[in-house]
$ cat work.tsv   # TSV, C-alpha atoms
chain	number	residue	atom	x	y	z
A	79	MET	CA	114.37	80.00	113.61
A	80	HIS	CA	112.05	82.46	115.32
A	81	PRO	CA	108.39	81.98	114.27
A	82	LYS	CA	108.14	85.66	113.24
A	83	LEU	CA	111.09	85.24	110.91
A	84	VAL	CA	109.56	82.05	109.50
A	85	GLU	CA	106.34	83.92	108.66
A	86	PHE	CA	108.24	86.88	107.26
A	87	LEU	CA	110.39	84.70	105.00
A	88	ALA	CA	107.35	82.70	103.87
A	89	GLY	CA	105.77	85.98	102.78
A	90	CYS	CA	108.92	86.99	100.90
A	91	ARG	CA	109.09	83.55	99.23
A	92	ASP	CA	105.43	83.52	98.12
A	93	GLU	CA	105.67	87.09	96.82
A	94	ALA	CA	108.94	86.44	94.96
A	95	PRO	CA	107.56	84.89	91.71
A	96	LEU	CA	105.40	87.98	91.14
A	97	GLN	CA	108.49	90.14	90.96
A	98	LEU	CA	108.96	88.87	87.42
A	99	GLY	CA	105.96	91.03	86.54
A	100	VAL	CA	106.67	93.87	88.96
A	101	LEU	CA	110.19	94.41	87.62
A	102	PRO	CA	109.19	95.44	84.08
A	103	PHE	CA	106.26	97.44	85.50
A	104	GLY	CA	108.63	99.51	87.66
A	105	MET	CA	111.09	99.89	84.82
A	106	ILE	CA	108.33	101.19	82.55
A	107	CYS	CA	107.35	103.68	85.26
A	108	GLY	CA	110.92	104.95	85.44
A	109	ILE	CA	111.30	105.15	81.66
A	110	ALA	CA	107.92	106.86	81.15
A	111	SER	CA	108.60	109.38	83.92
A	112	LEU	CA	111.79	110.56	82.24
A	113	ALA	CA	110.05	110.61	78.86
A	114	ALA	CA	107.34	112.87	80.33
A	115	GLY	CA	110.03	115.33	81.41
A	116	MET	CA	110.33	114.45	85.08
A	117	PRO	CA	113.77	114.93	86.65
A	118	ALA	CA	115.41	111.59	87.55
A	119	TRP	CA	115.41	112.26	91.31
A	120	LEU	CA	111.70	113.05	91.25
A	121	ALA	CA	110.93	109.93	89.19
A	122	GLN	CA	112.65	107.83	91.85
A	123	LEU	CA	110.99	109.72	94.71
A	124	ALA	CA	107.57	109.16	93.09
A	125	SER	CA	108.02	105.41	93.55
A	126	ALA	CA	108.48	105.93	97.28
A	127	ILE	CA	105.79	108.61	97.81
A	128	VAL	CA	103.02	107.24	95.60
A	129	PHE	CA	104.13	103.57	95.52
A	130	SER	CA	101.38	102.61	93.08
A	131	GLY	CA	102.27	101.56	89.55
A	132	ALA	CA	98.85	102.29	88.10
A	133	ALA	CA	98.69	105.78	89.64
A	134	GLN	CA	102.27	106.62	88.62
A	135	LEU	CA	101.71	105.48	85.03
A	136	VAL	CA	98.53	107.54	84.77
A	137	ILE	CA	100.35	110.60	86.11
A	138	VAL	CA	103.19	110.38	83.60
A	139	GLN	CA	100.90	109.47	80.69
A	140	MET	CA	98.76	112.53	81.37
A	141	LEU	CA	101.82	114.73	81.95
A	142	ALA	CA	103.14	113.62	78.57
A	143	VAL	CA	99.99	114.85	76.80
A	144	GLY	CA	100.06	118.12	78.75
A	145	SER	CA	97.14	117.65	81.18
A	146	GLY	CA	96.82	120.00	84.15
A	147	ALA	CA	97.33	119.10	87.81
A	148	ALA	CA	93.60	118.93	88.65
A	149	PRO	CA	92.55	116.30	86.09
A	150	ILE	CA	95.71	114.30	86.76
A	151	GLY	CA	95.10	114.32	90.51
A	152	LEU	CA	91.44	113.37	90.06
A	153	THR	CA	92.18	110.49	87.67
A	154	ALA	CA	95.02	109.08	89.75
A	155	GLY	CA	92.96	109.53	92.90
A	156	LEU	CA	89.95	107.63	91.55
A	157	LEU	CA	92.16	104.88	90.19
A	158	GLY	CA	93.26	104.16	93.76
A	159	VAL	CA	89.75	103.76	95.18
A	160	ARG	CA	90.02	99.97	94.90
A	161	HIS	CA	92.54	100.12	97.74
A	162	VAL	CA	89.65	101.08	100.04
A	163	LEU	CA	88.11	97.72	99.17
A	164	TYR	CA	91.37	95.91	99.93
A	165	SER	CA	91.50	97.83	103.20
A	166	VAL	CA	87.93	96.73	104.04
A	167	SER	CA	88.68	93.09	103.40
A	168	LEU	CA	91.82	93.17	105.56
A	169	ALA	CA	90.26	95.16	108.39
A	170	ASP	CA	89.17	92.15	110.45
A	171	TYR	CA	92.55	90.48	110.17
A	172	VAL	CA	94.71	93.39	111.36
A	173	ARG	CA	92.36	95.06	113.85
A	174	HIS	CA	94.26	93.68	116.86
A	175	LEU	CA	97.63	95.09	115.73
A	176	PRO	CA	99.21	98.25	117.21
A	177	ARG	CA	98.82	101.41	115.16
A	178	ARG	CA	102.43	101.47	113.93
A	179	TRP	CA	101.89	98.04	112.37
A	180	ARG	CA	98.67	99.14	110.69
A	181	LEU	CA	100.32	102.29	109.33
A	182	LEU	CA	103.19	100.21	107.94
A	183	LEU	CA	100.94	97.54	106.38
A	184	ALA	CA	98.67	100.23	104.90
A	185	TYR	CA	101.65	101.84	103.18
A	186	LEU	CA	102.65	98.44	101.76
A	187	LEU	CA	99.12	97.54	100.62
A	188	THR	CA	99.48	97.11	96.85
A	189	ASP	CA	97.57	94.94	94.36
A	190	GLU	CA	100.17	92.18	94.28
A	191	ALA	CA	100.91	92.13	98.04
A	192	TYR	CA	97.19	92.12	98.80
A	193	ALA	CA	96.50	89.17	96.50
A	194	ILE	CA	99.11	86.97	98.18
A	195	ALA	CA	98.42	88.08	101.76
A	196	ILE	CA	94.64	87.62	101.45
A	197	LEU	CA	95.11	84.05	100.16
A	198	ARG	CA	97.12	83.32	103.31
A	199	TYR	CA	94.63	84.98	105.65
A	200	GLN	CA	91.63	83.22	104.12
A	201	ALA	CA	93.35	79.83	103.95
A	202	GLN	CA	94.55	79.90	107.54
A	203	THR	CA	91.25	81.16	108.93
A	204	ALA	CA	89.61	78.09	107.41
A	205	ALA	CA	92.33	75.85	108.84
A	206	VAL	CA	91.99	77.31	112.35
A	207	HIS	CA	88.24	76.74	112.26
A	208	GLN	CA	88.75	73.14	111.24
A	209	SER	CA	91.50	72.25	113.68
A	210	VAL	CA	89.72	73.46	116.83
A	211	PRO	CA	86.15	72.23	116.33
A	212	GLY	CA	84.89	72.76	119.86
A	213	THR	CA	86.12	76.34	120.28
A	214	PRO	CA	83.51	79.08	120.49
A	215	PRO	CA	83.53	81.33	117.42
A	216	GLY	CA	84.90	84.29	119.39
A	217	ASN	CA	88.23	82.56	119.94
A	218	THR	CA	88.80	81.72	116.32
A	219	ALA	CA	87.73	85.07	114.89
A	220	PRO	CA	90.33	86.27	112.43
A	221	GLY	CA	92.89	88.51	114.03
A	222	ALA	CA	91.81	87.69	117.56
A	223	THR	CA	93.67	84.39	117.67
A	224	GLY	CA	96.94	85.84	118.84
A	225	ASP	CA	95.57	87.95	121.67
A	226	ALA	CA	93.32	85.57	123.54
A	227	GLU	CA	95.03	83.92	126.50
A	228	GLY	CA	95.87	80.31	125.85
A	229	SER	CA	94.61	80.50	122.28
A	230	PRO	CA	95.69	77.55	120.13
A	231	VAL	CA	97.48	79.55	117.44
A	232	ARG	CA	99.51	82.72	117.91
A	233	ASP	CA	98.66	84.97	115.00
A	234	LEU	CA	101.86	86.07	113.26
A	235	ARG	CA	100.37	86.47	109.80
A	236	HIS	CA	101.10	90.21	109.82
A	237	TRP	CA	104.76	89.20	109.50
A	238	TYR	CA	103.80	87.23	106.38
A	239	PHE	CA	101.97	90.30	105.01
A	240	PHE	CA	105.01	92.44	105.87
A	241	GLY	CA	107.26	90.00	103.97
A	242	CYS	CA	105.01	90.25	100.90
A	243	GLY	CA	104.85	94.05	101.10
A	244	LEU	CA	108.54	94.65	101.70
A	245	THR	CA	109.59	92.30	98.88
A	246	LEU	CA	107.40	94.21	96.48
A	247	TRP	CA	108.54	97.60	97.81
A	248	LEU	CA	112.20	96.74	97.29
A	249	THR	CA	111.59	95.45	93.76
A	250	TRP	CA	109.60	98.56	92.97
A	251	GLN	CA	112.35	100.97	94.07
A	252	VAL	CA	115.12	98.99	92.36
A	253	SER	CA	113.17	98.51	89.12
A	254	THR	CA	112.31	102.22	88.93
A	255	ALA	CA	116.01	102.96	89.28
A	256	ILE	CA	116.87	100.42	86.56
A	257	GLY	CA	114.31	102.03	84.27
A	258	ILE	CA	115.75	105.50	84.94
A	259	VAL	CA	119.35	104.43	84.38
A	260	PHE	CA	119.07	101.87	81.58
A	261	GLY	CA	115.71	102.82	80.04
A	262	ALA	CA	117.25	104.48	77.04
A	263	THR	CA	119.14	101.32	76.07
A	264	ILE	CA	116.05	99.02	75.96
A	265	PRO	CA	114.66	98.67	72.41
A	266	ALA	CA	111.11	99.99	72.15
A	267	ASP	CA	109.84	96.88	70.33
A	268	TRP	CA	110.62	94.60	73.29
A	269	ASP	CA	107.25	93.89	74.85
A	270	ILE	CA	108.36	94.08	78.48
A	271	ASP	CA	105.13	95.88	79.36
A	272	PHE	CA	103.19	92.71	78.48
A	273	ALA	CA	104.46	91.16	81.73
A	274	VAL	CA	102.06	93.42	83.64
A	275	PRO	CA	98.75	91.94	82.34
A	276	LEU	CA	100.38	88.48	82.55
A	277	THR	CA	100.92	89.01	86.28
A	278	PHE	CA	97.29	90.02	86.70
A	279	ILE	CA	96.20	86.90	84.76
A	280	ALA	CA	98.30	84.64	87.00
A	281	LEU	CA	96.87	86.24	90.15
A	282	LEU	CA	93.31	86.13	88.84
A	283	THR	CA	93.42	82.38	88.20
A	284	LEU	CA	94.56	81.84	91.79
A	285	LEU	CA	91.56	83.81	93.02
A	286	ILE	CA	88.70	82.27	91.01
A	287	ARG	CA	88.47	78.69	92.21
A	288	GLU	CA	84.95	79.19	93.63
A	289	ARG	CA	81.79	79.56	91.53
A	290	ALA	CA	80.74	82.85	93.16
A	291	ASN	CA	84.20	84.37	92.60
A	292	GLN	CA	84.09	83.26	88.95
A	293	ALA	CA	80.79	85.10	88.56
A	294	ALA	CA	82.26	88.19	90.24
A	295	ALA	CA	85.30	88.09	87.96
A	296	ALA	CA	83.33	87.55	84.74
A	297	VAL	CA	80.95	90.44	85.45
A	298	ALA	CA	83.77	92.75	86.58
A	299	ALA	CA	85.76	92.05	83.40
A	300	LEU	CA	82.72	92.65	81.20
A	301	GLY	CA	81.87	95.76	83.21
A	302	ALA	CA	85.36	97.17	82.73
A	303	LEU	CA	84.88	97.00	78.95
A	304	LEU	CA	81.29	98.33	78.98
A	305	LEU	CA	82.17	101.24	81.28
A	306	ALA	CA	85.50	102.04	79.60
A	307	ALA	CA	84.17	105.32	78.21
A	308	LEU	CA	83.54	106.81	81.67
A	309	PRO	CA	86.00	109.60	82.53
A	310	TYR	CA	88.61	109.61	85.30
A	311	ASN	CA	88.82	105.80	85.48
A	312	LEU	CA	85.38	105.64	87.08
A	313	GLY	CA	84.71	102.64	84.87
A	314	LEU	CA	87.20	100.47	86.76
A	315	VAL	CA	85.58	101.21	90.12
A	316	GLY	CA	82.09	100.71	88.67
A	317	ALA	CA	83.14	97.39	87.15
A	318	ILE	CA	84.51	96.12	90.47
A	319	ILE	CA	81.27	97.07	92.25
A	320	LEU	CA	79.21	95.26	89.58
A	321	GLY	CA	81.46	92.23	90.10
A	322	LEU	CA	80.87	92.30	93.87
A	323	MET	CA	77.11	92.34	93.30
A	324	ALA	CA	77.37	89.40	90.89
A	325	GLY	CA	79.40	87.44	93.45
A	326	ALA	CA	76.83	88.11	96.18
A	327	LEU	CA	73.97	87.15	93.85
A	328	SER	CA	75.72	83.94	92.85
A	329	THR	CA	76.26	83.00	96.51
A	330	ARG	CA	72.60	83.66	97.28
A	331	LEU	CA	71.37	81.64	94.29
A	332	ALA	CA	73.61	78.72	95.21
A	333	ARG	CA	72.28	78.75	98.76
A	334	ARG	CA	68.68	78.87	97.56
A	335	THR	CA	69.24	75.97	95.15
A	336	ARG	CA	70.83	73.93	97.92
A	337	LEU	CA	67.97	74.63	100.32
A	338	ALA	CA	65.39	73.75	97.67
A	339	ARG	CA	67.20	70.47	96.95
A	340	GLU	CA	67.34	69.62	100.65
A	341	ALA	CA	63.66	70.45	101.07
A	342	SER	CA	62.65	68.18	98.20
A	343	GLN	CA	64.53	65.19	99.60
B	214	MET	CA	104.49	121.96	84.87
B	215	SER	CA	107.24	123.24	87.19
B	216	THR	CA	109.23	120.83	89.33
B	217	VAL	CA	107.69	122.23	92.52
B	218	SER	CA	104.10	121.80	91.35
B	219	LEU	CA	104.99	118.33	90.09
B	220	LEU	CA	106.35	117.44	93.52
B	221	LEU	CA	103.18	118.79	95.16
B	222	LEU	CA	101.05	116.72	92.76
B	223	LEU	CA	102.99	113.56	93.62
B	224	VAL	CA	102.71	114.26	97.35
B	225	GLY	CA	98.96	114.85	96.94
B	226	VAL	CA	98.36	111.62	95.01
B	227	GLY	CA	100.61	109.75	97.45
B	228	ALA	CA	98.65	111.09	100.44
B	229	VAL	CA	95.31	110.15	98.90
B	230	THR	CA	96.57	106.68	97.97
B	231	PHE	CA	97.83	106.15	101.52
B	232	LEU	CA	94.53	107.32	103.02
B	233	TYR	CA	92.67	104.77	100.86
B	234	ARG	CA	94.97	102.02	102.02
B	235	TYR	CA	94.75	103.10	105.66
B	236	SER	CA	91.01	103.89	105.59
B	237	MET	CA	89.45	100.69	106.87
B	238	ILE	CA	92.43	99.22	108.70
B	239	GLY	CA	93.19	102.45	110.55
B	240	LEU	CA	90.69	105.29	110.44
B	241	PHE	CA	87.58	103.16	111.01
B	242	ALA	CA	89.30	100.23	112.61
B	243	SER	CA	87.22	100.25	115.79
B	244	ARG	CA	83.99	99.54	113.91
B	245	LYS	CA	82.98	95.97	113.22
B	246	LEU	CA	82.00	95.31	109.64
B	247	PRO	CA	78.39	94.25	109.04
B	248	ASP	CA	78.02	90.65	107.85
B	249	SER	CA	76.69	91.77	104.48
B	250	VAL	CA	79.82	93.83	103.83
B	251	ARG	CA	82.03	90.98	104.98
B	252	ALA	CA	80.30	88.61	102.54
B	253	LEU	CA	81.00	91.06	99.71
B	254	CYS	CA	84.66	91.24	100.78
B	255	ARG	CA	85.24	87.69	99.60
B	256	HIS	CA	84.77	88.83	96.01
B	257	ILE	CA	86.86	92.01	96.13
B	258	ALA	CA	90.11	90.40	94.98
B	259	PRO	CA	88.70	88.40	92.02
B	260	ALA	CA	86.54	91.31	90.86
B	261	SER	CA	89.43	93.80	91.07
B	262	PHE	CA	91.93	91.62	89.22
B	263	ALA	CA	89.41	90.65	86.54
B	264	ALA	CA	88.68	94.34	85.90
B	265	LEU	CA	92.43	95.15	85.88
B	266	CYS	CA	93.09	92.25	83.44
B	267	ALA	CA	90.30	93.33	81.11
B	268	SER	CA	91.47	96.94	81.01
B	269	ALA	CA	95.14	96.02	80.61
B	270	LEU	CA	94.37	93.70	77.70
B	271	PHE	CA	91.49	95.32	75.86
B	272	ILE	CA	91.47	99.05	76.60
B	273	GLN	CA	93.85	101.40	74.88
B	274	HIS	CA	93.67	105.17	75.37
B	275	GLY	CA	90.19	104.88	76.87
B	276	GLU	CA	88.77	102.85	73.96
B	277	VAL	CA	87.87	99.18	73.83
B	278	THR	CA	89.87	97.25	71.23
B	279	LEU	CA	89.06	93.54	71.37
B	280	GLY	CA	91.86	92.82	68.90
B	281	PHE	CA	91.38	89.17	67.90
B	282	ASP	CA	94.00	89.83	65.23
B	283	SER	CA	96.44	91.02	67.89
B	284	PRO	CA	99.17	88.61	69.03
B	285	ARG	CA	98.73	89.97	72.57
B	286	THR	CA	95.18	88.64	72.85
B	287	TRP	CA	96.22	85.10	71.88
B	288	ALA	CA	99.37	85.16	74.00
B	289	ALA	CA	97.24	86.23	76.96
B	290	LEU	CA	94.83	83.35	76.29
B	291	ILE	CA	97.69	80.84	76.21
B	292	ALA	CA	99.09	82.30	79.42
B	293	ALA	CA	95.67	82.05	81.08
B	294	LEU	CA	95.46	78.34	80.20
B	295	VAL	CA	98.93	77.75	81.64
B	296	ALA	CA	98.00	79.75	84.76
B	297	TRP	CA	94.82	77.74	85.26
B	298	HIS	CA	96.57	74.36	84.97
B	299	THR	CA	99.88	75.07	86.72
B	300	ARG	CA	98.84	77.77	89.26
B	301	ASN	CA	102.43	78.93	88.81
B	302	VAL	CA	103.12	82.64	88.37
B	303	ILE	CA	106.58	82.31	86.84
B	304	ALA	CA	105.43	79.65	84.34
B	305	THR	CA	102.54	81.92	83.37
B	306	ILE	CA	104.67	85.00	82.73
B	307	ILE	CA	107.41	83.12	80.86
B	308	THR	CA	104.93	81.22	78.66
B	309	GLY	CA	103.05	84.42	77.92
B	310	MET	CA	106.18	86.31	76.91
B	311	LEU	CA	107.45	83.40	74.78
B	312	ALA	CA	104.03	83.01	73.15
B	313	LEU	CA	103.94	86.71	72.30
B	314	THR	CA	107.44	86.58	70.79
B	315	LEU	CA	106.58	83.53	68.65
B	316	LEU	CA	103.17	84.85	67.59
B	317	LYS	CA	104.69	88.14	66.49
B	318	LEU	CA	107.13	86.19	64.30
B	319	ILE	CA	104.32	84.12	62.74
B	320	LEU	CA	101.54	86.72	62.37
$ encode --input "work.tsv" --output "C-alpha cells"
Amino acid sequence: MHPKLVEFLAGCRDEAPLQLGVLPFGMICGIASLAAGMPAWLAQLASAIVFSGAAQLVIVQMLAVGSGAAPIGLTAGLLGVRHVLYSVSLADYVRHLPRRWRLLLAYLLTDEAYAIAILRYQAQTAAVHQSVPGTPPGNTAPGATGDAEGSPVRDLRHWYFFGCGLTLWLTWQVSTAIGIVFGATIPADWDIDFAVPLTFIALLTLLIRERANQAAAAVAALGALLLAALPYNLGLVGAIILGLMAGALSTRLARRTRLAREASQ
Amino acid sequence: MSTVSLLLLLVGVGAVTFLYRYSMIGLFASRKLPDSVRALCRHIAPASFAALCASALFIQHGEVTLGFDSPRTWAALIAALVAWHTRNVIATIITGMLALTLLKLIL
C-alpha cells in the first residue's frame, strides 16, 4: 500500500472511536436547528458552512429564544477563538505544505480532529529526535523532515491529519441529516446529548499524562466555572488562557526544583 | 429572522470560524513562533478540553450548577475513571451512557 494511504487510513482508524460521540452531537444539532425554526436544507447547509458543533448549537439555542443576529454572531464568533490556539500549535507542523493543503486542513480543524492529530504530531516528533541522535536540530524540526534532501523520514503526517478531519466531516454531515430526518422519532428523555461531554472526558484523559498539562487542565476547568458569568462565552477563552499560564508556571517550577536538586548534590 | 438573514448569519459565522482555523497555519505562516509561545502551545489541548468538559458538565444556561445530586455528575466521574485506566474512547462513552441509565433508575 502507498505510504500516503497508510497514513490516511491510520488517521481514519484513530479518529473512528470518537465518532460515537460526534454522531449524537450532530444529530442534536440537526434536531435543535429544526426546533428553532430553521428550514431543513439550511440546517444541513449549516453543518457544511460552519462545521463547528459548539457554534451551531449556540446559534440555534439563541435563535430559539429570539436573539438578534448581532449577539448571536458575537457569541458564536468568540466561542471559536480557541481554534486560533489550535492553529498556533499546528503552525510549525504544516508550514512546509502547499497552500491548498493548509486551506483544506484549516477547514477540517475541529476539536476532535485536532486532539488526535496533535497526539500523532507530538509523538512522532519525539520519536524522530530519538532515532537520529547525531542529526543537527534543523533537520529534525517538525514539518521540515519531508523537504530536506536525504532526510531520514518523509513527513506524510498531513495525510494522517486529513484522515482524522475527513472522517469527522463525513460523520458530521451524516449525523446532521439523521437528526433532521429522524429527530422527531427520538424520545426526549434519551440522554444522547450526554455522549458529548463523555467524548471530551475521554480526550482529556489522553492529553493529561504530564504534570504540567494536569496543572493546565485543572486551572482551566476551575476557570471555566469561575468565569461562567462572563457574557458571549468569554469565560471559556479566559479559562483556557489561565490554564496555559498554569501549565507554563508548572513547567518552570519543575525545572527550578530539578536544578536546585542537581545543585545540592 | 428571515431565511436570507439566517443564511447570511451562518455564512458570517462560518467565515469567522474558518479564519480562526486558518489564522496561524495560513495567514501568518511565514513567521516563526517565539519559543515562549511554542512552550505554551503544549498546554493548549489539555486546557481547552478541560474547560470544555467543565462547561459541558457543570454550566447550564450560563449558570454554574455543581449538581452532586445529579446522575450526570456521577456517571461522568465513573466514565473519567474508565477513561484514565483504559485510555479507550469507546469504552469511556459506553460506560458513561450505561452508568447514566443505571443511576437514573436508582436515584
$ closest_residue --input "work.tsv" --among "A:Ile256, A:Ala262, A:Ala114, A:Ile196" --to "Ser165 in chain A" --atoms "only C-alpha atoms"
A:Ile196
$ closest_residue --input "work.tsv" --among "A:Thr263, A:Gln200, A:Thr335, A:Gln251" --to "Ala258 in chain B" --atoms "all atoms listed in the file"
A:Gln200
$ closest_residue --input "work.tsv" --among "A:Ala317, A:Leu248, A:Leu175, A:Leu284" --to "Leu303 in chain A" --atoms "all atoms listed in the file"
A:Ala317
$ interface_residues --input "work.tsv" --of "chain B" --to "chain A" --cutoff "7 Å" --atoms "all atoms listed in the file" --output "ChimeraX atom specification"
/B:222-224,226-227,229-231,233-239,242,253-254,256-264,266-270,275-277,289,293,296-297,300,302-303,305-306,309
$ atom_distance --input "work.tsv" --atom1 "CA of Leu220 in chain B" --atom2 "CA of Ala110 in chain A"
16.4 Å
$ atom_distance --input "work.tsv" --atom1 "CA of Phe240 in chain A" --atom2 "CA of Val136 in chain A"
26.7 Å
$ closest_residue --input "work.tsv" --among "B:Ile272, B:Leu279, B:Ala252, B:Ala292" --to "Ile307 in chain B" --atoms "all atoms listed in the file"
B:Ala292
$ axis_aligned_box --input "work.tsv" --around "range 285-288 of chain B" --padding-each-side "6 Å" --output "lines of an AutoDock Vina configuration file"
center_x = 97.3
center_y = 87.5
center_z = 72.9
size_x = 16.2
size_y = 16.9
size_z = 14.1
$ atom_distance --input "work.tsv" --atom1 "CA of Ala118 in chain A" --atom2 "CA of Ala255 in chain A"
8.8 Å
$ closest_residue --input "work.tsv" --among "B:Thr299, B:Thr308, B:Thr216, B:Ser249" --to "Trp287 in chain B" --atoms "all atoms listed in the file"
B:Thr308
